[in-house]
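J.: Below you will find the structure I want to go over with you.
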Number of protein chains: 2
Amino acid sequence: VKHTRRSNDTDGIVALFEPQSIAVVGSMREGRFGGYLTVKHLLDFGFRGKIYPVNPNYDTVLGMKVYPTLKDIAGGIDLAVMMTAAPAVPEIIEDCAAKNVKAAIIVSDGFTERDEEGARLQREVDTIARRAGLRLLGPNTIGVVNSANGLITTPYRVPYEEVFSGGIAICSQTGLLGPQTLPLHDMRYGLSKICDFGNKCDIDELDLLEYLGSDPQTRVIAMHLEEVRDGRSFLRKLKEVVRAKPVLILKPGRTRESRKAVTSHTGSLAGEDHVYDGAFRQAGAIRVDSFKELVDIPKIFAWQPLPPGNRLAIITISGGAGVLGIDTAVQQGLALARLSPSTLDKLGSISPVLTSNPIDLGPGLPAFMKKGDMASHLHGIIETLVDDENVDCISVACPWMLRGALAEVFGPLRDRSAKPIAFWVPSPSLTRAQDIVIDLETLGFPAYPDCDSSVRALAIAYKYSVARSRARQLEEEAR
Amino acid sequence: VKHTRRSNDTDGIVALFEPQSIAVVGSMREGRFGGYLTVKHLLDFGFRGKIYPVNPNYDTVLGMKVYPTLKDIAGGIDLAVMMTAAPAVPEIIEDCAAKNVKAAIIVSDGFTERDEEGARLQREVDTIARRAGLRLLGPNTIGVVNSANGLITTPYRVPYEEVFSGGIAICSQTGLLGPQTLPLHDMRYGLSKICDFGNKCDIDELDLLEYLGSDPQTRVIAMHLEEVRDGRSFLRKLKEVVRAKPVLILKPGRTRESRKAVTSHTGSLAGEDHVYDGAFRQAGAIRVDSFKELVDIPKIFAWQPLPPGNRLAIITISGGAGVLGIDTAVQQGLALARLSPSTLDKLGSISPVLTSNPIDLGPGLPAFMKKGDMASHLHGIIETLVDDENVDCISVACPWMLRGALAEVFGPLRDRSAKPIAFWVPSPSLTRAQDIVIDLETLGFPAYPDCDSSVRALAIAYKYSVARSRARQLEEEAR
């Protein structure tokens, strides 16, 4: 597989995410997989553009005309999506070329990742597309999502009809980070774009970094990369993007065994881990360790300001959780804030048990509950910390008894605080915990299942703020 | 605070978990905190023993007679629980002593963890109890749970009326691991005992290790310890218990800052981390890193056999998840299994895309779904791996489309496999994911949210199997 990148054709990338018209080539039989589902999703999600189903064996699908081939479509086509058997793909790509289609998503598998014959097919397809100036995503991909225009190309069933619009973009080399496997709707996940690179025969991380770096809807970029094709260009672009928005990278390959597996399932070579590690850090990107973090951490960047410094205040309902939070904080580069004398005075006037950071509500809970004023006390505590110049960021345990009063207690803090606040939600009921998380996140506060995770999110936000300052300073000096 | 341990009075510990009668001293007013709730929980959870509410200001509560003081109760009392203000506690403990109560739980706070006056009170209480041979849990504790007899002492609201009986015991130095904050019921968590040490003026980790080590209901012990009181005795006992059942330990204090916080909120001194780390490892205990792991990892020990070796097979629906799973596996001491030729033959006959480990169902999913026989194929794949002598443990992605067929597909494997199987459940719906987790765990298979976590659980099971072998061998040699 050649890894030379084709000319910087941004028209094709724009067509990939913002097509005015889309052709879907595949089976139109109702089922659990196929073109039928892609067409249905486009309708359900309210895609704002023309949809052309393509299949020689159907006349209509979902009340729409089905065209035998791409060439039978009279109008222009920005984007074509295909999920036929691999051997049928070259001819469809020829048709795309003939129709001046700008970008094509090859969902089909059976290419480089399969065997030598598949690799040959992929080269053939790539040659046709390159000659025609057609940009390709895939093969072996779920495709893309754009929450701004209802674009969704997955051919698997998606049990919801809307992705919440927001500032988070996710790119990956796996179909695991798409709407067919992520409970985006249940999480009220505020998304700008999703892109699954698949085999990356053409469109790659550099294209996406360029596009998302200047996409006004995208506030934070989360990338899962099994290998980086053009390291030098990618790092140069990364440095530039990091000055404007955070880039989180999940990069497996920490062991020889996983690098070998990458080679076998993507057909590409994976480099040494420490090289990537150093290069990412130098460029100011944040490396995370799991899919979970790649999906969860961006919330803090999408909704909260960056911490002005590294001094953390913890509000907990358990001394034990606070202590573990400190370990995480210090290991991740935060420091425990020394509360100012006036803060300590105010805390003491709220309750004599509130004497230090971490601020442990636990011992005071019975008294707070008796007085029935936990909401105003907690609001007062957070407000005091927001005003304390010794505090830069705040982790807050949200007592589950506050369900129902969340908007009242925390809503006003949203615009008042120039410091990031991250919540965690202990609860004896999973449903209630999830309800509270949704309420808090609707208010713009990221909420995590435990103290550790909230502290880690704040620490990563701080790391980025340092990286951004450095990147901006270097730019300044280079002028 | 003196840390000398009192005589080995196991009667008191037995009374703590298996009382025939329990006195509850505290407010009997209906509310969000207090003795009323403890009495209500005991009734709701079906406590099998006599309940004596105690309070001078009430005549009845929940249809039961309320006694003015402990001394007004005619019958014997095994266990007393109190949640009065701290200054009232010494007199109640005097009454316990007079009544020959065997164990007392001091829920009240305001002792060593508060201030010097609190420390004085705690010493006073401790002296009275010690003289009377009364064992004390706390102060500043939520108390205990025993699923076998419906014993639950928490004075906070619990939104369920049952804890599933099972093999997992949890001890902690925080109230965060009790039924009032853990969604035990929603998780169908199979529990034997819970114990919150609180300030540990008497009953401590060594008592619990002794009791749980020989408790037939307990198959695995999970301990959160901020400090270990009698290190030498604890380690000796640990070595002994580890020969029979796994002990997981969550120990904060990895940083100077957190050790300082431990000192301030428990009033006890926390030792250097590396000393604990080495000692735990040498004794064969497994150290985990978060409350989440302390709660989630024990499931694999409660339900699955230990891995006979470290060779892991991964069944995934995404090549990318498999690769991250490999990193976790190798970093945690597992190796990627080399599947035997006959396994590879069988996999190939199920689908030509199944060619290596990790076994990626992803590319085959559309074909499987078309044939409508994903269930039997997945069953066949797992069965083949169970029979492969090159495989010791298996991580399986459970495709969410199998909901409804789980018992049929995986049920028969339960008794057939001498190798542990851990699942992970990707799903575009949180509710459906949770339903699948519950179904799988009801069948006896631990299920985790992602591939990494399932692999980590298997790796920890393997670590324990090695530690157990070594511990047994050392015992053998010592004879």
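By order in the structure tokens, chains are A, B, ...; within a chain, residues start at 1; ligands start at 1, following the order shown.
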List the spatial neighbours of Tyr464 (chain A) as an NGL selection string - criterion: any atom at most 9 Å away, only C-alpha atoms, same-chain residues fewer than 6 positions off excluded.

T.: :A and (242 or 245-247 or 284-286 or 306)

J.: How would the residues just chosen look if you wrote them out with N, CA and C atoms as a PDB file, in the first residue's frame?

T.:
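Output file part.pdb is given in full below:
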```
ATOM      1  N   VAL A 242      -3.435  22.898  18.047  1.00  0.00           N
ATOM      2  CA  VAL A 242      -3.393  22.933  19.514  1.00  0.00           C
ATOM      3  C   VAL A 242      -3.408  24.372  20.046  1.00  0.00           C
ATOM      4  N   LYS A 245      -7.471  24.728  19.739  1.00  0.00           N
ATOM      5  CA  LYS A 245      -8.374  23.787  20.424  1.00  0.00           C
ATOM      6  C   LYS A 245      -7.619  22.528  20.819  1.00  0.00           C
ATOM      7  N   PRO A 246      -8.096  21.870  21.881  1.00  0.00           N
ATOM      8  CA  PRO A 246      -7.398  20.676  22.356  1.00  0.00           C
ATOM      9  C   PRO A 246      -7.568  19.490  21.409  1.00  0.00           C
ATOM     10  N   VAL A 247      -6.517  18.684  21.325  1.00  0.00           N
ATOM     11  CA  VAL A 247      -6.560  17.443  20.555  1.00  0.00           C
ATOM     12  C   VAL A 247      -6.174  16.298  21.494  1.00  0.00           C
ATOM     13  N   GLY A 284       1.919  19.168  21.878  1.00  0.00           N
ATOM     14  CA  GLY A 284       0.880  19.724  22.745  1.00  0.00           C
ATOM     15  C   GLY A 284      -0.418  18.933  22.742  1.00  0.00           C
ATOM     16  N   ALA A 285      -0.406  17.759  22.114  1.00  0.00           N
ATOM     17  CA  ALA A 285      -1.603  16.912  22.154  1.00  0.00           C
ATOM     18  C   ALA A 285      -1.650  16.174  23.491  1.00  0.00           C
ATOM     19  N   ILE A 286      -2.830  15.735  23.877  1.00  0.00           N
ATOM     20  CA  ILE A 286      -3.006  15.017  25.140  1.00  0.00           C
ATOM     21  C   ILE A 286      -3.250  13.560  24.815  1.00  0.00           C
ATOM     22  N   LEU A 306     -10.960  26.751  30.726  1.00  0.00           N
ATOM     23  CA  LEU A 306      -9.716  26.093  31.133  1.00  0.00           C
ATOM     24  C   LEU A 306      -9.322  26.571  32.529  1.00  0.00           C
TER      25      LEU A 306
END
```

J.: Among the residues of region 120-197 of chain A, find those DSSP assigns to strand (DSSP E or B) from the backbone and print them as a VMD selection string.

T.: chain A and resid 135 to 137 144 to 146 151 to 152 156 165 to 172 191 to 196

J.: Got a sec: who's within 7 Å of Val425 (chain B), counting only C-alpha atoms, leaving out chain neighbours fewer than 6 positions off, as number ranges by chain?

T.: B: 397-399, 433, 447-450

J.: Output as a count of residues only all residues of region 196-302 of chain A that backbone DSSP marks as helix (DSSP H, G or I).

T.: 54

J.: Please identify all residues of chain A having at least one atom at most 8 Å from any atom of chain B, considering only C-alpha atoms, and return them as JSON, numbers by chain.

T.: {"A": [31, 32, 33, 109, 114, 158, 159, 173, 174, 175, 176, 179, 180, 181, 182, 183, 184, 185, 186, 226, 252, 253, 254, 255, 257, 258, 259, 261, 262, 265, 290, 292, 317, 318, 319, 320, 321, 323, 324, 326, 327, 330, 331, 336, 353, 363, 366, 369, 370, 426, 427, 428, 429, 430, 450, 452]}

J.: Just the number, please: distance in Å from CA of Val386 (chain B) to CA of Phe301 (chain B), one decimal.

T.: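 These atoms are spaced 18.3 Å apart.
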